[in-house]
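Data first, discussion second: the structure below is written as structure tokens.
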Amino acid sequence: MKKILGLSFLAITLFSSCKKDVVTPTCTLSATSIVGTYKTTAATIQADAQSPVVDDYATWAACEKDDLITLSASGVFTTSEGATSCTPPTDPMTANWSLSGNSLTITYMGTAIPAVTISDFTCNSFKVTSVDATTGEISVSTMTRQ
């Protein structure tokens, strides 16, 4: 009887002390991993680096908050209305995109729009930061994969 209890105790101790390692996949920013459809889920603005951060997203209309941005594997950037259309509807935009390091460049009708910086990239979201070269205004948007 003591052997059975001892073996039971040993088995319980062994199995309870074994933990499965939780493997969290890492998502590295690349032209392949960023491909997908996104929606803006937060947006802030600062007049300059010394100014307070203002929640710009709170001022957006519902019809703007559900708009979609798609980055295709073929390098095409498109925007589209979400389920709630603005009146008048926002014109869809098609452009080209490229990624170099953490710098995303959109080229629209042959003209490169000033590059934005990608940060906090995960498999499901990232932040986009742009700084206006003339005014110093800083815009940060959170893009969430749909």
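As shown in the structure tokens, the chain order sets the letters A, B, ...; within each chain, residues go from 1, and ligands are also counted from 1 in the order they appear.
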
Would you kindly return, as a list in words, each protein, DNA or RNA residue with an atom no farther than 9 Å from any atom of range 105-120 of chain A, considering only C-alpha atoms and excluding same-chain residues fewer than 2 positions away?
Leu29, Phe77, Met93, Thr94, Ala95, Asn96, Trp97, Ser98, Leu99, Ser100, Gly101, Asn102, Ser103, Thr122, Ser125, Phe126, Lys127, Val128, Thr129, Ser130, Val131, Asp132 and Ala133 of chain A

Strand (DSSP E or B) call set, DSSP backbone run, range 24-134 of chain A, as number ranges by chain
A: 36-46, 54-55, 68-71, 76-80, 94-100, 103-108, 111-119, 125-131

Convert the current residue selection to file output with N, CA and C atoms, as a compact mmCIF listing (two decimals), in the first residue's frame.
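The file below, result-v9.txt, is the result:
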```txt
# COMPACT_ATOMS: atom_id res chain seq x y z
N GLY A 36 -1.96 43.05 -45.89
CA GLY A 36 -3.26 42.79 -45.29
C GLY A 36 -4.16 44.00 -45.36
N THR A 37 -5.33 43.85 -44.75
CA THR A 37 -6.31 44.93 -44.70
C THR A 37 -6.39 45.43 -43.26
N TYR A 38 -6.38 46.75 -43.12
CA TYR A 38 -6.33 47.38 -41.81
C TYR A 38 -7.39 48.46 -41.67
N LYS A 39 -7.70 48.75 -40.41
CA LYS A 39 -8.61 49.84 -40.08
C LYS A 39 -7.90 50.68 -39.01
N THR A 40 -8.05 52.00 -39.08
CA THR A 40 -7.49 52.87 -38.05
C THR A 40 -8.33 52.73 -36.79
N THR A 41 -7.68 52.43 -35.66
CA THR A 41 -8.40 52.25 -34.41
C THR A 41 -8.02 53.28 -33.35
N ALA A 42 -7.05 54.13 -33.66
CA ALA A 42 -6.66 55.23 -32.77
C ALA A 42 -5.86 56.23 -33.58
N ALA A 43 -5.94 57.49 -33.21
CA ALA A 43 -5.16 58.53 -33.90
C ALA A 43 -4.96 59.70 -32.96
N THR A 44 -3.69 60.12 -32.86
CA THR A 44 -3.38 61.29 -32.04
C THR A 44 -2.63 62.30 -32.89
N ILE A 45 -2.59 63.52 -32.38
CA ILE A 45 -1.91 64.58 -33.09
C ILE A 45 -1.24 65.50 -32.07
N GLN A 46 -0.08 66.03 -32.41
CA GLN A 46 0.64 67.00 -31.59
C GLN A 46 1.07 68.14 -32.49
N VAL A 54 -3.10 65.12 -28.47
CA VAL A 54 -4.55 65.29 -28.56
C VAL A 54 -5.15 64.05 -29.25
N ASP A 55 -6.25 63.55 -28.72
CA ASP A 55 -6.95 62.41 -29.31
C ASP A 55 -7.73 62.88 -30.54
N LEU A 68 -11.24 51.26 -44.67
CA LEU A 68 -10.23 50.21 -44.75
C LEU A 68 -9.06 50.62 -45.63
N ILE A 69 -7.88 50.15 -45.25
CA ILE A 69 -6.67 50.34 -46.03
C ILE A 69 -6.10 48.95 -46.30
N THR A 70 -5.81 48.68 -47.56
CA THR A 70 -5.26 47.38 -47.93
C THR A 70 -3.89 47.56 -48.54
N LEU A 71 -2.94 46.78 -48.04
CA LEU A 71 -1.60 46.71 -48.60
C LEU A 71 -1.49 45.33 -49.23
N VAL A 76 0.34 47.21 -54.12
CA VAL A 76 -0.74 48.18 -54.36
C VAL A 76 -1.38 48.54 -53.02
N PHE A 77 -1.56 49.84 -52.81
CA PHE A 77 -2.19 50.41 -51.62
C PHE A 77 -3.57 50.89 -52.04
N THR A 78 -4.62 50.46 -51.34
CA THR A 78 -5.97 50.93 -51.66
C THR A 78 -6.70 51.34 -50.40
N THR A 79 -7.58 52.31 -50.55
CA THR A 79 -8.47 52.71 -49.47
C THR A 79 -9.90 52.44 -49.92
N SER A 80 -10.77 52.15 -48.97
CA SER A 80 -12.18 51.92 -49.31
C SER A 80 -13.06 52.26 -48.12
N THR A 94 -6.09 54.48 -54.98
CA THR A 94 -5.18 53.40 -55.32
C THR A 94 -3.81 54.03 -55.57
N ALA A 95 -2.81 53.43 -54.97
CA ALA A 95 -1.44 53.92 -55.11
C ALA A 95 -0.50 52.72 -55.02
N ASN A 96 0.78 52.98 -55.01
CA ASN A 96 1.78 51.93 -54.81
C ASN A 96 2.41 52.13 -53.45
N TRP A 97 2.87 51.06 -52.86
CA TRP A 97 3.54 51.16 -51.58
C TRP A 97 4.83 50.36 -51.59
N SER A 98 5.77 50.79 -50.74
CA SER A 98 7.01 50.03 -50.56
C SER A 98 7.47 50.23 -49.12
N LEU A 99 8.23 49.25 -48.66
CA LEU A 99 8.72 49.28 -47.29
C LEU A 99 10.23 49.12 -47.32
N SER A 100 10.92 50.03 -46.63
CA SER A 100 12.37 49.94 -46.49
C SER A 100 12.68 50.08 -45.01
N SER A 103 10.31 52.19 -42.75
CA SER A 103 9.82 53.36 -43.47
C SER A 103 8.89 52.93 -44.60
N LEU A 104 7.61 53.33 -44.50
CA LEU A 104 6.60 52.99 -45.50
C LEU A 104 6.40 54.19 -46.42
N THR A 105 6.54 53.97 -47.72
CA THR A 105 6.37 55.03 -48.71
C THR A 105 5.18 54.69 -49.60
N ILE A 106 4.31 55.68 -49.78
CA ILE A 106 3.16 55.56 -50.68
C ILE A 106 3.44 56.46 -51.87
N THR A 107 3.32 55.91 -53.06
CA THR A 107 3.52 56.70 -54.28
C THR A 107 2.18 56.79 -55.00
N TYR A 108 1.67 58.02 -55.08
CA TYR A 108 0.36 58.26 -55.67
C TYR A 108 0.52 59.10 -56.94
N THR A 111 3.96 60.44 -57.61
CA THR A 111 4.59 61.28 -56.60
C THR A 111 4.63 60.56 -55.27
N ALA A 112 5.82 60.47 -54.67
CA ALA A 112 5.96 59.83 -53.37
C ALA A 112 5.47 60.77 -52.28
N ILE A 113 4.52 60.30 -51.51
CA ILE A 113 4.04 61.03 -50.34
C ILE A 113 5.13 60.87 -49.27
N PRO A 114 5.42 61.89 -48.46
CA PRO A 114 6.47 61.73 -47.45
C PRO A 114 6.29 60.43 -46.65
N ALA A 115 7.37 59.71 -46.50
CA ALA A 115 7.35 58.41 -45.85
C ALA A 115 6.88 58.51 -44.40
N VAL A 116 6.22 57.46 -43.94
CA VAL A 116 5.81 57.36 -42.54
C VAL A 116 6.65 56.27 -41.87
N THR A 117 6.74 56.34 -40.57
CA THR A 117 7.52 55.37 -39.81
C THR A 117 6.58 54.37 -39.16
N ILE A 118 6.89 53.09 -39.32
CA ILE A 118 6.12 52.01 -38.71
C ILE A 118 6.81 51.65 -37.39
N SER A 119 6.01 51.53 -36.32
CA SER A 119 6.55 51.09 -35.03
C SER A 119 5.55 50.15 -34.37
N SER A 125 -1.29 44.41 -35.60
CA SER A 125 -1.41 45.87 -35.63
C SER A 125 -0.03 46.52 -35.71
N PHE A 126 -0.07 47.82 -35.98
CA PHE A 126 1.16 48.62 -35.96
C PHE A 126 0.78 50.08 -35.82
N LYS A 127 1.77 50.90 -35.48
CA LYS A 127 1.56 52.34 -35.41
C LYS A 127 2.28 53.00 -36.57
N VAL A 128 1.66 54.04 -37.08
CA VAL A 128 2.21 54.83 -38.17
C VAL A 128 2.45 56.24 -37.64
N THR A 129 3.67 56.72 -37.77
CA THR A 129 4.00 58.07 -37.32
C THR A 129 4.45 58.90 -38.51
N SER A 130 3.87 60.09 -38.61
CA SER A 130 4.32 61.02 -39.65
C SER A 130 4.59 62.37 -38.99
N VAL A 131 5.60 63.04 -39.50
CA VAL A 131 5.96 64.36 -38.99
C VAL A 131 5.94 65.32 -40.17
```

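For the pair CA of Gly82 in chain A and CA of Asp56 in chain A, the interatomic distance is 19.1 Å.
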
Skipping near chain neighbours, those fewer than 5 positions away, what residues fall within 9 Å of Glu64 in chain A using only C-alpha atoms, listed as a list in words?
Thr40, Glu81, Gly82, Thr84, Ser85, Cys86 and Thr90 of chain A

Interatomic distance, CA of Glu137 in chain A to CA of Ala49 in chain A (Å, one decimal)
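A separation of 7.8 Å between them.
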
Mind checking DSSP for chain A and telling me the helix (DSSP H, G or I) residues as a PyMOL selection string?
chain A and resi 2-17+57-59+62-65

Can you write just those residues out, C-alpha atoms, as a CSV table (one decimal), in the first residue's frame?
```
chain,number,residue,atom,x,y,z
A,2,LYS,CA,2.9,2.3,0.9
A,3,LYS,CA,4.4,1.6,-2.6
A,4,ILE,CA,1.2,2.5,-4.4
A,5,LEU,CA,0.9,5.8,-2.4
A,6,GLY,CA,4.5,6.5,-3.0
A,7,LEU,CA,4.2,5.9,-6.7
A,8,SER,CA,1.0,8.0,-6.9
A,9,PHE,CA,2.7,10.8,-5.1
A,10,LEU,CA,5.8,10.6,-7.4
A,11,ALA,CA,3.6,10.5,-10.5
A,12,ILE,CA,1.5,13.6,-9.3
A,13,THR,CA,4.7,15.4,-8.5
A,14,LEU,CA,6.3,14.7,-11.8
A,15,PHE,CA,3.3,15.6,-13.9
A,16,SER,CA,2.4,18.7,-11.9
A,17,SER,CA,5.9,20.0,-12.1
A,57,TYR,CA,-9.7,59.9,-33.4
A,58,ALA,CA,-12.4,61.1,-31.1
A,59,THR,CA,-13.3,63.8,-33.6
A,62,ALA,CA,-18.3,57.0,-37.6
A,63,CYS,CA,-18.2,56.8,-41.4
A,64,GLU,CA,-14.4,57.6,-41.3
A,65,LYS,CA,-13.6,55.2,-38.4
```

Would you work out the distance separating CA of Ala61 in chain A from CA of Thr135 in chain A, expressed in Å to one decimal?
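If I compute the distance from CA of Ala61 in chain A to CA of Thr135 in chain A, I get 25.2 Å.
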
Top pick for closest residue to Asn124 in chain A, considering A:Ser72, A:Gln50, A:Gln146, A:Ser141 and counting only C-alpha atoms:
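Closest residue, counting only C-alpha atoms: A:Gln146.
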